[in-house]
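Just protein28.pdb here, PDB, C-alpha atoms and all ligand atoms:
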```
ATOM      1  CA  MET S 232       6.076 -10.218  30.740
ATOM      2  CA  ARG S 233       9.470  -9.581  29.176
ATOM      3  CA  VAL S 234       9.320  -9.991  25.399
ATOM      4  CA  ALA S 235      12.331 -11.406  23.573
ATOM      5  CA  TRP S 236      14.193  -8.676  21.703
ATOM      6  CA  TRP S 237      13.756 -10.209  18.259
ATOM      7  CA  ILE S 238       9.977 -10.465  18.479
ATOM      8  CA  VAL S 239       7.729  -8.061  16.573
ATOM      9  CA  ARG S 240       4.216  -7.842  17.907
ATOM     10  CA  LEU S 241       1.358  -6.489  15.787
ATOM     11  CA  THR S 242      -1.942  -5.495  17.385
ATOM     12  CA  ILE S 243      -4.848  -4.527  15.156
ATOM     13  CA  ILE S 244      -6.456  -1.494  16.796
ATOM     14  CA  GLY S 245      -8.737  -0.538  13.908
ATOM     15  CA  CYS S 246      -9.380  -2.198  10.554
ATOM     16  CA  SER S 247     -12.658  -0.721   9.329
ATOM     17  CA  GLY S 248     -12.390   0.617   5.801
ATOM     18  CA  SER S 249     -13.210   4.226   4.929
ATOM     19  CA  PHE S 250     -15.180   4.901   8.130
ATOM     20  CA  PRO S 251     -15.527   3.303  11.578
ATOM     21  CA  GLY S 252     -17.783   0.272  11.816
ATOM     22  CA  PRO S 253     -19.830  -1.104  14.720
ATOM     23  CA  ASP S 254     -17.032  -3.478  15.750
ATOM     24  CA  SER S 255     -13.886  -1.580  14.818
ATOM     25  CA  PRO S 256     -12.448   1.909  14.475
ATOM     26  CA  ALA S 257     -10.907   2.972  11.192
ATOM     27  CA  SER S 258      -7.274   2.112  10.383
ATOM     28  CA  CYS S 259      -4.744   1.852  13.215
ATOM     29  CA  TYR S 260      -2.054  -0.743  13.900
ATOM     30  CA  LEU S 261       0.275  -0.985  16.883
ATOM     31  CA  VAL S 262       3.725  -2.437  16.168
ATOM     32  CA  GLU S 263       6.021  -3.235  19.092
ATOM     33  CA  ALA S 264       9.670  -4.289  19.043
ATOM     34  CA  GLU S 265      12.279  -4.063  21.819
ATOM     35  CA  GLY S 266       9.781  -2.092  23.901
ATOM     36  CA  PHE S 267       9.437   0.522  21.148
ATOM     37  CA  ARG S 268       5.844   1.259  20.117
ATOM     38  CA  LEU S 269       4.999   2.555  16.655
ATOM     39  CA  LEU S 270       1.458   3.385  15.599
ATOM     40  CA  VAL S 271       0.780   2.906  11.913
ATOM     41  CA  ASP S 272      -2.155   5.185  11.026
ATOM     42  CA  LEU S 273      -4.530   6.724  13.556
ATOM     43  CA  GLY S 274      -7.917   6.855  11.872
ATOM     44  CA  SER S 275     -11.356   7.802  13.109
ATOM     45  CA  GLY S 276     -12.235   6.226  16.445
ATOM     46  CA  ALA S 277      -8.859   4.535  16.899
ATOM     47  CA  LEU S 278      -7.753   6.586  19.911
ATOM     48  CA  SER S 279     -10.583   5.031  21.920
ATOM     49  CA  ALA S 280      -9.769   1.380  21.230
ATOM     50  CA  LEU S 281      -6.022   2.032  21.464
ATOM     51  CA  GLN S 282      -6.324   2.657  25.199
ATOM     52  CA  ARG S 283      -7.408  -0.951  25.759
ATOM     53  CA  TYR S 284      -3.966  -2.159  24.662
ATOM     54  CA  VAL S 285      -1.438   0.507  25.578
ATOM     55  CA  GLY S 286      -1.210   3.571  27.777
ATOM     56  CA  LEU S 287      -1.974   6.878  26.076
ATOM     57  CA  TYR S 288       1.542   8.115  26.707
ATOM     58  CA  GLU S 289       3.440   4.931  25.866
ATOM     59  CA  ILE S 290       3.537   5.596  22.112
ATOM     60  CA  ASP S 291       7.024   6.397  20.760
ATOM     61  CA  ALA S 292       6.241   7.366  17.158
ATOM     62  CA  ILE S 293       3.400   7.486  14.635
ATOM     63  CA  TRP S 294       3.488   6.721  10.921
ATOM     64  CA  ILE S 295       0.612   8.051   8.785
ATOM     65  CA  SER S 296       0.172   6.397   5.376
ATOM     66  CA  HIS S 297      -1.955   9.190   3.880
ATOM     67  CA  LEU S 298      -4.216  12.054   4.780
ATOM     68  CA  HIS S 299      -7.659  10.576   4.236
ATOM     69  CA  ALA S 300      -9.725  11.059   7.401
ATOM     70  CA  ASP S 301     -10.011   7.357   8.173
ATOM     71  CA  HIS S 302      -6.211   7.096   8.466
ATOM     72  CA  CYS S 303      -5.183  10.253  10.289
ATOM     73  CA  LEU S 304      -7.894  12.323  11.943
ATOM     74  CA  ASP S 305      -7.584  10.937  15.483
ATOM     75  CA  LEU S 306      -4.198  12.679  15.612
ATOM     76  CA  CYS S 307      -6.222  15.820  16.382
ATOM     77  CA  CYS S 308      -7.821  14.281  19.489
ATOM     78  CA  TYR S 309      -4.529  12.666  20.482
ATOM     79  CA  SER S 310      -2.833  16.079  20.347
ATOM     80  CA  VAL S 311      -5.390  17.289  22.912
ATOM     81  CA  ALA S 312      -4.586  14.343  25.190
ATOM     82  CA  ARG S 313      -0.840  15.073  24.954
ATOM     83  CA  THR S 314      -1.098  18.855  25.300
ATOM     84  CA  TRP S 315      -3.714  19.427  27.991
ATOM     85  CA  HIS S 316      -3.054  16.719  30.594
ATOM     86  CA  PRO S 317      -3.724  18.195  34.075
ATOM     87  CA  ASP S 318      -0.125  17.417  35.097
ATOM     88  CA  GLY S 319       1.251  19.285  32.108
ATOM     89  CA  PRO S 320       1.969  18.607  28.452
ATOM     90  CA  ARG S 321       3.621  15.379  27.404
ATOM     91  CA  PRO S 322       6.808  15.502  25.305
ATOM     92  CA  GLN S 323       6.473  15.931  21.572
ATOM     93  CA  ILE S 324       6.687  12.632  19.669
ATOM     94  CA  PRO S 325       7.641  12.106  16.010
ATOM     95  CA  VAL S 326       4.966  11.762  13.348
ATOM     96  CA  TYR S 327       6.032  10.510   9.915
ATOM     97  CA  GLY S 328       3.493  11.528   7.289
ATOM     98  CA  PRO S 329       2.990  12.644   3.693
ATOM     99  CA  SER S 330       3.848  16.181   2.671
ATOM    100  CA  GLN S 331       1.465  18.766   4.116
ATOM    101  CA  ALA S 332       0.476  16.489   7.026
ATOM    102  CA  ALA S 333       1.083  19.211   9.636
ATOM    103  CA  VAL S 334      -0.890  21.760   7.576
ATOM    104  CA  ARG S 335      -3.803  19.413   6.911
ATOM    105  CA  LEU S 336      -4.080  18.252  10.517
ATOM    106  CA  GLY S 337      -3.470  21.724  11.886
ATOM    107  CA  ARG S 338      -6.449  23.002   9.907
ATOM    108  CA  ALA S 339      -8.611  20.136  11.144
ATOM    109  CA  LEU S 340      -7.599  20.857  14.741
ATOM    110  CA  THR S 341      -8.189  24.569  14.920
ATOM    111  CA  ALA S 342     -11.721  25.756  15.615
ATOM    112  CA  ASP S 343     -11.286  28.879  13.506
ATOM    113  CA  PRO S 344      -9.239  28.010  10.401
ATOM    114  CA  ALA S 345      -9.995  31.350   8.712
ATOM    115  CA  ALA S 346      -8.633  33.327  11.667
ATOM    116  CA  ALA S 347      -5.623  31.033  11.925
ATOM    117  CA  ALA S 348      -4.913  31.456   8.199
ATOM    118  CA  ALA S 349      -5.096  35.233   8.660
ATOM    119  CA  GLY S 350      -2.474  35.035  11.391
ATOM    120  CA  ALA S 351      -4.739  35.567  14.382
ATOM    121  CA  ALA S 352      -3.617  33.942  17.610
ATOM    122  CA  ASP S 353      -5.399  30.678  18.295
ATOM    123  CA  PRO S 354      -6.354  30.401  21.976
ATOM    124  CA  GLY S 355      -6.080  26.614  21.761
ATOM    125  CA  HIS S 356      -3.002  24.738  20.710
ATOM    126  CA  GLY S 357      -1.356  23.747  17.467
ATOM    127  CA  ILE S 358      -0.814  20.250  16.135
ATOM    128  CA  THR S 359       2.963  20.786  16.352
ATOM    129  CA  ASP S 360       2.755  21.296  20.126
ATOM    130  CA  ALA S 361       2.256  17.535  20.427
ATOM    131  CA  PHE S 362       3.975  16.199  17.319
ATOM    132  CA  GLY S 363       7.196  16.754  15.396
ATOM    133  CA  PHE S 364       6.474  16.077  11.739
ATOM    134  CA  THR S 365       8.828  14.353   9.287
ATOM    135  CA  THR S 366       7.824  14.033   5.633
ATOM    136  CA  ILE S 367       7.855  10.475   4.318
ATOM    137  CA  THR S 368       9.729   9.823   1.098
ATOM    138  CA  ALA S 369      10.117   6.535  -0.760
ATOM    139  CA  GLY S 370      13.104   4.600   0.542
ATOM    140  CA  THR S 371      14.441   3.018   3.709
ATOM    141  CA  THR S 372      15.005   4.601   7.101
ATOM    142  CA  GLU S 373      15.199   3.623  10.756
ATOM    143  CA  ILE S 374      12.441   4.365  13.252
ATOM    144  CA  GLY S 375      13.519   3.191  16.700
ATOM    145  CA  PRO S 376      14.703  -0.406  16.296
ATOM    146  CA  LEU S 377      12.638  -0.889  13.117
ATOM    147  CA  ARG S 378      13.934  -0.747   9.556
ATOM    148  CA  VAL S 379      11.198   0.954   7.561
ATOM    149  CA  THR S 380      10.894   0.911   3.785
ATOM    150  CA  ALA S 381       8.224   3.151   2.237
ATOM    151  CA  GLU S 382       6.829   2.981  -1.298
ATOM    152  CA  ARG S 383       4.355   5.276  -3.030
ATOM    153  CA  MET S 384       1.108   3.395  -3.626
ATOM    154  CA  SER S 385      -1.705   3.737  -6.197
ATOM    155  CA  HIS S 386      -4.363   5.878  -4.505
ATOM    156  CA  PRO S 387      -5.885   9.289  -5.357
ATOM    157  CA  VAL S 388      -3.760  11.119  -2.773
ATOM    158  CA  GLU S 389      -0.081  10.761  -1.836
ATOM    159  CA  THR S 390      -0.038   7.412  -0.021
ATOM    160  CA  PHE S 391       2.797   5.278   1.308
ATOM    161  CA  GLY S 392       2.752   1.551   1.998
ATOM    162  CA  LEU S 393       5.534   0.187   4.127
ATOM    163  CA  ARG S 394       7.681  -2.771   5.043
ATOM    164  CA  LEU S 395       8.860  -3.083   8.643
ATOM    165  CA  GLU S 396      11.842  -5.304   9.416
ATOM    166  CA  HIS S 397      13.385  -6.275  12.714
ATOM    167  CA  GLY S 398      15.468  -9.233  13.860
ATOM    168  CA  GLY S 399      14.803 -11.213  10.676
ATOM    169  CA  ALA S 400      11.015 -10.657  10.710
ATOM    170  CA  ALA S 401       9.257  -8.621   8.026
ATOM    171  CA  LEU S 402       5.770  -7.148   8.024
ATOM    172  CA  ALA S 403       4.330  -5.416   4.944
ATOM    173  CA  TYR S 404       1.364  -3.033   4.948
ATOM    174  CA  SER S 405      -0.430  -2.033   1.759
ATOM    175  CA  ALA S 406      -2.037   1.149   3.142
ATOM    176  CA  ASP S 407      -4.812   2.097   0.674
ATOM    177  CA  THR S 408      -3.973   1.150  -2.875
ATOM    178  CA  GLY S 409      -5.125  -0.127  -6.219
ATOM    179  CA  GLU S 410      -2.993  -2.571  -8.126
ATOM    180  CA  THR S 411       0.701  -1.639  -8.178
ATOM    181  CA  ASP S 412       4.088  -3.361  -8.400
ATOM    182  CA  ALA S 413       5.096  -1.380  -5.300
ATOM    183  CA  LEU S 414       3.009  -3.787  -3.240
ATOM    184  CA  MET S 415       4.979  -6.710  -4.642
ATOM    185  CA  ARG S 416       8.257  -5.074  -3.692
ATOM    186  CA  LEU S 417       7.120  -4.312  -0.155
ATOM    187  CA  ALA S 418       5.636  -7.760   0.429
ATOM    188  CA  ARG S 419       8.251 -10.001  -1.155
ATOM    189  CA  ASP S 420       8.919 -12.961   1.205
ATOM    190  CA  ALA S 421       7.451 -11.041   4.160
ATOM    191  CA  ASP S 422       6.302 -13.058   7.149
ATOM    192  CA  LEU S 423       3.002 -11.194   7.115
ATOM    193  CA  LEU S 424       1.184  -9.035   4.580
ATOM    194  CA  LEU S 425      -1.434  -6.735   6.066
ATOM    195  CA  CYS S 426      -3.341  -5.912   2.911
ATOM    196  CA  GLU S 427      -6.373  -3.834   2.256
ATOM    197  CA  ALA S 428      -9.446  -5.535   0.744
ATOM    198  CA  SER S 429     -11.934  -2.692   0.493
ATOM    199  CA  LEU S 430     -13.767  -3.843  -2.620
ATOM    200  CA  VAL S 431     -15.613  -6.971  -3.695
ATOM    201  CA  GLU S 432     -15.334  -8.452  -7.154
ATOM    202  CA  PRO S 433     -18.134  -7.224  -9.419
ATOM    203  CA  GLY S 434     -20.609  -9.728 -10.803
ATOM    204  CA  PRO S 435     -20.781 -10.506 -14.553
ATOM    205  CA  GLN S 436     -23.017  -7.502 -15.192
ATOM    206  CA  GLY S 437     -21.454  -5.301 -12.527
ATOM    207  CA  PRO S 438     -19.463  -2.137 -13.165
ATOM    208  CA  ALA S 439     -15.726  -2.454 -13.741
ATOM    209  CA  LEU S 440     -13.514  -2.101 -10.684
ATOM    210  CA  PRO S 441     -12.216   1.444 -10.176
ATOM    211  CA  GLN S 442      -8.524   1.815 -10.985
ATOM    212  CA  GLY S 443      -5.951   3.314  -8.634
ATOM    213  CA  LEU S 444      -8.183   3.245  -5.573
ATOM    214  CA  HIS S 445      -8.557  -0.022  -3.627
ATOM    215  CA  LEU S 446      -8.180  -3.803  -3.915
ATOM    216  CA  THR S 447     -10.559  -6.727  -3.663
ATOM    217  CA  GLY S 448      -9.873  -9.734  -1.457
ATOM    218  CA  ARG S 449      -8.950 -11.707  -4.560
ATOM    219  CA  GLN S 450      -6.462  -9.090  -5.725
ATOM    220  CA  ALA S 451      -4.916  -8.916  -2.260
ATOM    221  CA  ALA S 452      -4.555 -12.687  -2.201
ATOM    222  CA  ARG S 453      -2.905 -12.726  -5.625
ATOM    223  CA  TYR S 454      -0.263 -10.308  -4.367
ATOM    224  CA  ALA S 455       0.258 -12.476  -1.287
ATOM    225  CA  ALA S 456       0.732 -15.567  -3.454
ATOM    226  CA  ARG S 457       3.076 -13.912  -5.953
ATOM    227  CA  ALA S 458       5.141 -12.273  -3.205
ATOM    228  CA  GLY S 459       5.479 -15.548  -1.282
ATOM    229  CA  VAL S 460       4.334 -14.142   2.058
ATOM    230  CA  GLY S 461       4.035 -16.336   5.129
ATOM    231  CA  GLN S 462       0.533 -15.188   6.035
ATOM    232  CA  LEU S 463      -2.077 -12.764   4.804
ATOM    233  CA  VAL S 464      -4.322 -10.573   6.947
ATOM    234  CA  LEU S 465      -7.092  -8.775   5.062
ATOM    235  CA  THR S 466      -7.878  -5.337   6.415
ATOM    236  CA  HIS S 467      -9.573  -1.999   5.618
ATOM    237  CA  LEU S 468     -12.826  -3.964   5.539
ATOM    238  CA  ALA S 469     -15.726  -1.690   4.630
ATOM    239  CA  PRO S 470     -18.815  -2.092   6.847
ATOM    240  CA  TRP S 471     -21.086  -2.154   3.777
ATOM    241  CA  ASN S 472     -19.394  -5.326   2.445
ATOM    242  CA  ASP S 473     -19.992  -8.961   3.392
ATOM    243  CA  VAL S 474     -16.648 -10.029   4.892
ATOM    244  CA  ALA S 475     -17.440 -13.696   4.226
ATOM    245  CA  ARG S 476     -17.528 -12.826   0.528
ATOM    246  CA  THR S 477     -14.197 -10.994   0.805
ATOM    247  CA  LEU S 478     -12.611 -13.992   2.533
ATOM    248  CA  GLY S 479     -14.122 -16.386   0.007
ATOM    249  CA  GLU S 480     -12.712 -14.414  -2.916
ATOM    250  CA  ALA S 481      -9.274 -14.339  -1.321
ATOM    251  CA  ASP S 482      -9.351 -18.040  -0.476
ATOM    252  CA  GLN S 483      -9.405 -18.892  -4.178
ATOM    253  CA  ALA S 484      -6.121 -17.109  -4.804
ATOM    254  CA  PHE S 485      -3.867 -17.742  -1.782
ATOM    255  CA  GLY S 486      -3.210 -21.169  -0.284
ATOM    256  CA  GLY S 487      -1.346 -20.012   2.824
ATOM    257  CA  PRO S 488      -2.613 -18.968   6.249
ATOM    258  CA  MET S 489      -5.107 -16.150   5.927
ATOM    259  CA  SER S 490      -7.423 -14.250   8.247
ATOM    260  CA  LEU S 491      -9.618 -11.199   8.457
ATOM    261  CA  ALA S 492      -8.328  -8.340  10.592
ATOM    262  CA  ALA S 493     -10.340  -7.624  13.720
ATOM    263  CA  SER S 494      -9.939  -4.973  16.388
ATOM    264  CA  GLY S 495      -7.918  -6.553  19.189
ATOM    265  CA  LEU S 496      -6.303  -9.266  17.091
ATOM    266  CA  GLY S 497      -2.664  -9.734  18.107
ATOM    267  CA  ILE S 498      -0.016 -11.459  15.999
ATOM    268  CA  VAL S 499       3.567 -12.194  17.027
ATOM    269  CA  LEU S 500       6.312 -12.448  14.405
ATOM    270  CA  ASP S 501       9.540 -14.138  15.475
TER     271      ASP S 501
HETATM  272 ZN    ZN B 601      -7.573   6.374   1.443
END
```

Can I see the file as structure tokens?
Amino acid sequence: MRVAWWIVRLTIIGCSGSFPGPDSPASCYLVEAEGFRLLVDLGSGALSALQRYVGLYEIDAIWISHLHADHCLDLCCYSVARTWHPDGPRPQIPVYGPSQAAVRLGRALTADPAAAAAGAADPGHGITDAFGFTTITAGTTEIGPLRVTAERMSHPVETFGLRLEHGGAALAYSADTGETDALMRLARDADLLLCEASLVEPGPQGPALPQGLHLTGRQAARYAARAGVGQLVLTHLAPWNDVARTLGEADQAFGGPMSLAASGLGIVLD
């Protein structure tokens, strides 16, 4: 079916927080506009589920928010699929990632990192055979037909949230983050905020929430309310949490349309 040019389609490939769960891979989101397909994160297990929704070789670019394993490690397997196809290697595609992304993923890919570091020839392939890396910096750029604004988030490693705009639609993604004004800037008046909700609120005697790490459902919902977003989708849901509790916490703080991310969930913005 031909999709109108102004439509942005989001498909949740993986939304499990910190590690894959029984019903979802780790973080991965497919964004489509004007036939252009951008993957946002490619975490553990995501390459498997991705193939239910798009051909392996129909991806135009990949954007990696940070280098924690649950957001990037399936790039290693995907590089195998692009490099060793029986009909020959597929063309290199762009990967936008934090600084050192090629080094980090190259080390994860090679079977003998010590030999590779010493300069020995690796009989396999390198991560740059499949991907051309561009380092993300805060600011606005164009990726295909999408206007992409990146902001540094509050997380223990260099992490970028983003805002994607196309044809009047705006989608904001928190990546992994603790509380930060950057999330407000990315999400302001967005049609959809895809926001992490990894934590649950502690009870009266519980330990204080860690700072600069993750958000609760309630915190995510407060950002959605203050930023005036059209709808909120809670994601990065950790398998050890009760998602009904996460949704209940968020429901107290945001009066607009809200849902839990689920692998396979598709949302159209127009
Ligand atoms: Zn992380």

request  = With the file shown as input, list the residues that the PyMOL selection byres (((not hetatm)) within 8 of (chain B and resi 601)) selects, as a list of chain:residue names.
outcome  =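 Written out, the selection comes to S:Ser249, S:His297, S:Leu298, S:His299, S:Ala300, S:Asp301, S:His302, S:His386, S:Pro387, S:Val388, S:Thr390, S:Ala406, S:Asp407, S:Thr408, S:Leu444.
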
task = Could you give me, as an NGL selection string, the residues within 7 Å of segment 445-451 of chain S, counting only C-alpha atoms and dropping anything in the same chain fewer than 4 positions from it?
result = :S and (407-410 or 426-432 or 455 or 477-478 or 480-481 or 484)

ask   = If you measure from atom CA of Asp501 of chain S to atom CA of Gly398 of chain S, what distance in Å do you get, rounded to one decimal?
value = 7.9 Å

task = Pull out every residue that the PyMOL selection byres (((chain S and resi 359) around 9) and not hetatm) matches in the shown coordinates and put them as a list of chain:residue names.
result =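 Expected selection for the PyMOL selection byres (((chain S and resi 359) around 9) and not hetatm) here is S:Ser310, S:Gln323, S:Ala333, S:Gly337, S:His356, S:Gly357, S:Ile358, S:Asp360, S:Ala361, S:Phe362, S:Gly363, S:Phe364.
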
request  = I need the residue set behind the PyMOL selection byres (((chain S and resi 246) around 10) and not hetatm) for this file; please write it as an MDAnalysis selection string.
outcome  = chainID S and resid 243:245 247:252 254:260 274 277 301 427 465:469 491:495

query = What gap, in Å, lies between atom CA of Pro376 of chain S and atom CA of Gly266 of chain S?
reply =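 Rounded to one decimal, the two atoms are 9.2 Å apart.
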
request  = Could you check how far atom CA of Leu281 of chain S sits from atom CA of Tyr404 of chain S, in Å to one decimal?
outcome  =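 Separating atom CA of Leu281 of chain S from atom CA of Tyr404 of chain S is a distance of 18.8 Å.
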
task = Considering only C-alpha atoms, state which residue in the set S:Gly375, S:Gly370, S:Asp318, S:Gly443 is at the smallest distance from Arg268 of chain S.
result =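 Distance minimum relative to Arg268 of chain S lands on S:Gly375.
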
query = Nearest to Tyr309 of chain S: which of S:Gln462, S:Thr366, S:Ser279, S:Thr411 is it, counting all atoms listed in the file?
reply =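 Residue with the minimum atom-to-atom distance to Tyr309 of chain S: S:Ser279.
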
message = So that I can check the surroundings of segment 391-396 of chain S, please list as a PyMOL selection string every protein, DNA and RNA residue that reaches within 7 Å of it, counting all atoms listed in the file and ignoring chain neighbours fewer than 6 positions away.
response = chain S and resi 296-297+377-384+402-406+417
